[in-house]
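> Sharing a structure here in structure tokens format.
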Amino acid sequence: MTSTPELSRGARLMLFLVGTAVLAGLLFSVYGDRQADTLVAGVPSPVSYVAPVNLQVVDEIATQQRRQAVRDQVGDIYNVDPRLQSLALGTIASASLPPQVRSFLLDQFERPTGVRAAQLPELVRQAAALADVSETPALEAFLLRGLLPTSVPAPLLTEAARHAAADSVPPVLAVVSAGELIVMEGEPLTASQLTLLEATGLYSPRERAFTQAGWIVVGCLLLGGLLCGALVYASGWMAPRLGTRQWIFITVVTALVLIGQRLVLDISPSFLFVMLIALVLSVLTNQATAILWGVWAAVVVALLAPAGTEYTLVTGVIGAIAGARLAAMQKSRASIFTAAALAGGISALALVAMSLSLGGYTITATLLAAGYLILGGALAGLLSLALLPLAEHNFGFLTDFLLLELSNPSSPLLQRLLLEAPGTYQHSVIISNLVGQSVQRIGGNELLARVGALYHDVGKLKRPAFFVENQFSSENPHDRLSPHLSYLIITAHVRDGVELLREYGLPRALEAFVMQHHGTTILSYFYKRALEDTPSLDELNFRYAGPKPRSKETAVLMLADAVESASRSITDVGPGGIREVIDRLVDQRLRDGQLAESNLNFDDIEVIKETFERMLAAILHRRVAYPTSEEIGRLKRDGTRAGNGKAQPERPRGKVRGLPRTQRMDS
């Protein structure tokens, strides 16, 4: 069996990093929105704060109080409005006023500082006093109606002056000694204490939130790395040898399931379909790996659950274990759905048991959660039915389901072998039984060995008449060919077999059975014929290209192929004769080094010999030559004439005269 390329260190590292990133992202989606503790004036301090070192800090409150006082001392700044000034001067010039009054008013309104609104009444009173006493009231009233202030406030200049005055005030410094208690735990915070804490660097709302988010990211990455690293380490010695594409498939499926599970946990923490991972891996790899991976995924989902973590953990773990075990027991694809639904039901029973024992769930909530678990199991079953064919046909996984389908005689390539090369087909069926029984006894993959044996000679379909089991007449085409050409034709069935397997899209694992079932053995019949013409011919010219068997399954196939072919010419079909042929052929393969690269030991070889002997004895046993109806009729007539009506002695019932007991049993 060709070994699957091991995952390189670089690929393992890449999968580890991707897995860690996915896990960290999922964990952060749950725990990343935690709010940092904020300090608020008037609220008790959660901890006591002590000054770390001697330092001087700016007392912002005292500084602002001083600056505000300076600002308040800066009065409003006024500017003369030229338009208003021109209007006021025009009014004074055109009015019938006493000369001394006009001169006084013109002098006042022409000043650069102008006349403010607050100054106008006093200015009018002074101007009216310059006139006759009799004209004073009327003149004062006229001036109040006709004059207007020309100096108005300038807000921008005022604010700039106040700001400059405030900035000129130096900050007020507060001296804090090392070890000085700033605020005690439980003491309501004041605004000045908050300012002092921020000034000393003991507290910063923005920095605190950023720092806490950073630590959450670090924690999620660390936890994700530990979880992913533990899984990779454990899978390294528990999972079978998988290729890069297969590891990628498992990693992607696991990530997608966890992401999908994270999304639906908001609906209900009991809506779990994470057992899908255990179901799929139980079929694609083995139970141990499936349980390991499924329990790991259940732990991750429990960490992602917003509430009821213990319930999610227990139901997820039980569902994963049940799913892996039940999936391994199934013999058809459709039954995987049933196994998944049963696993969901078992998880539901676990939830009910926990609810009855620990409480926390009402009867309605318990039934609803149990229904979600069963629904999640059914969903996992449906998804697994979609994923398994994808894994088999696109990622090179070889499942028992696929092997059972390939072993069906109605499969296209076997059907063609049956119709076009019936002798080879019958030979392959016998070999399949020999190999399957032997591999089962020595601890190999029986199903793979059986299917591999069925397809090991499919290359003979290219030229079936050149192989003896398909020659149904006395004519042998090799009699007209040179030994070397016959050698090329015979050995080509290995290459042709691999091409046919690939043409029909069969699993790559079957190619090992085609390529290795002859190893580098020699075609002794044609080599002998060639030696008659060229005595110095090297036997390397008549050996198969190999490679030699590299697994128990392909090694047993080589031995079974040789023994079954030789058994057709056995004359002594008794136990001794069959065992002699088996021992001779197996010893030949051992001396030729054909089994050197397989992991068979001498105990395995002895078990294989015993199995071959038992099964070939059953196939090749002697059979009774049954009489024809004419012979029976003739015997009856002869007996009637010989008796002449006399009674014949009664023969013992249940026995056949003249046949040994063993032959009667065999017949």
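We label chains A, B, ... in the order they appear in the structure tokens, count residues from 1 in each chain, and number ligands from 1 in the order shown.
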Excluding Asp132 in chain A and residues on its chain fewer than 4 positions from it, collect all residues at most 12 Å away from it, counting only C-alpha atoms, and give them as a PyMOL selection string.
chain A and resi 97-101+127-128+136-140
> Residues near Phe395 in chain A, anyone? I mean within 12 Å using only C-alpha atoms, not counting same-chain ones fewer than 4 positions away, as a PyMOL selection string.
chain A and resi 4+242-250+284+387-391+399+507-508
> Export C-alpha atoms of the chosen residues as an mmCIF file, in the first residue's frame?

data_model
loop_
_atom_site.group_PDB
_atom_site.id
_atom_site.type_symbol
_atom_site.label_atom_id
_atom_site.label_comp_id
_atom_site.auth_asym_id
_atom_site.auth_seq_id
_atom_site.Cartn_x
_atom_site.Cartn_y
_atom_site.Cartn_z
ATOM 1 C CA THR A 4 0.447 8.810 2.268
ATOM 2 C CA LEU A 242 -2.687 11.806 6.492
ATOM 3 C CA GLY A 243 -1.547 13.927 3.590
ATOM 4 C CA THR A 244 -1.527 17.690 3.392
ATOM 5 C CA ARG A 245 -4.809 17.876 1.479
ATOM 6 C CA GLN A 246 -6.506 15.648 4.038
ATOM 7 C CA TRP A 247 -5.230 17.731 6.966
ATOM 8 C CA ILE A 248 -6.459 20.843 5.204
ATOM 9 C CA PHE A 249 -9.914 19.280 4.786
ATOM 10 C CA ILE A 250 -10.117 18.355 8.478
ATOM 11 C CA LEU A 284 -12.622 9.017 7.622
ATOM 12 C CA LEU A 387 -19.196 16.021 3.478
ATOM 13 C CA LEU A 388 -18.253 12.331 3.206
ATOM 14 C CA PRO A 389 -18.476 12.055 -0.610
ATOM 15 C CA LEU A 390 -16.556 15.327 -0.892
ATOM 16 C CA ALA A 391 -13.803 13.943 1.344
ATOM 17 C CA THR A 399 -13.738 4.950 3.852
ATOM 18 C CA PRO A 507 -8.850 5.521 -4.761
ATOM 19 C CA ARG A 508 -5.070 5.820 -4.963
#
> Which value, in Å to one decimal, gives the distance between CA of Ala322 in chain A and CA of Gly376 in chain A?
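Answer for the CA of Ala322 in chain A to CA of Gly376 in chain A separation: 13.7 Å.
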> Neighbouring residues of range 527-532 of chain A were defined as those with any atom within 12 Å, considering only C-alpha atoms; residues of the same chain fewer than 2 positions away were excluded. Please report them as a count of residues only.
26
> How many Å lie between CA of Tyr31 in chain A and CA of Ile216 in chain A, rounded to one decimal?
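Going from CA of Tyr31 in chain A over to CA of Ile216 in chain A, I get 7.4 Å.
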> Mind checking which residues fall within 7 Å of range 43-50 of chain A, counting only C-alpha atoms, ignoring those fewer than 4 positions away in the same chain, and posting them as a JSON list (two decimals) with N, CA and C atoms, in the first residue's frame?

[["chain", "number", "residue", "atom", "x", "y", "z"],
["A", 39, "LEU", "N", -13.55, 54.99, 36.60],
["A", 39, "LEU", "CA", -13.71, 55.74, 37.84],
["A", 39, "LEU", "C", -14.55, 56.97, 37.56],
["A", 179, "GLY", "N", 4.15, 57.11, 48.43],
["A", 179, "GLY", "CA", 3.42, 56.38, 49.46],
["A", 179, "GLY", "C", 2.22, 57.13, 49.99],
["A", 180, "GLU", "N", 2.01, 58.34, 49.54],
["A", 180, "GLU", "CA", 0.87, 59.12, 50.03],
["A", 180, "GLU", "C", -0.43, 58.54, 49.48],
["A", 181, "LEU", "N", -1.40, 58.34, 50.35],
["A", 181, "LEU", "CA", -2.69, 57.81, 49.95],
["A", 181, "LEU", "C", -3.49, 58.88, 49.25],
["A", 182, "ILE", "N", -3.82, 58.60, 48.01],
["A", 182, "ILE", "CA", -4.61, 59.56, 47.24],
["A", 182, "ILE", "C", -6.09, 59.37, 47.50],
["A", 183, "VAL", "N", -6.55, 58.11, 47.44],
["A", 183, "VAL", "CA", -7.95, 57.80, 47.73],
["A", 183, "VAL", "C", -8.00, 56.39, 48.29],
["A", 184, "MET", "N", -8.87, 56.17, 49.26],
["A", 184, "MET", "CA", -9.00, 54.87, 49.90],
["A", 184, "MET", "C", -10.13, 54.08, 49.24],
["A", 185, "GLU", "N", -9.96, 52.77, 49.24],
["A", 185, "GLU", "CA", -10.99, 51.89, 48.67],
["A", 185, "GLU", "C", -12.33, 52.15, 49.37],
["A", 186, "GLY", "N", -13.37, 52.30, 48.57],
["A", 186, "GLY", "CA", -14.71, 52.55, 49.10],
["A", 186, "GLY", "C", -15.02, 54.00, 49.34],
["A", 187, "GLU", "N", -14.01, 54.88, 49.28],
["A", 187, "GLU", "CA", -14.23, 56.31, 49.49],
["A", 187, "GLU", "C", -14.73, 56.95, 48.20],
["A", 188, "PRO", "N", -15.79, 57.73, 48.29],
["A", 188, "PRO", "CA", -16.28, 58.40, 47.07],
["A", 188, "PRO", "C", -15.21, 59.30, 46.47],
["A", 189, "LEU", "N", -15.05, 59.19, 45.18],
["A", 189, "LEU", "CA", -14.02, 59.96, 44.48],
["A", 189, "LEU", "C", -14.47, 61.39, 44.27]]
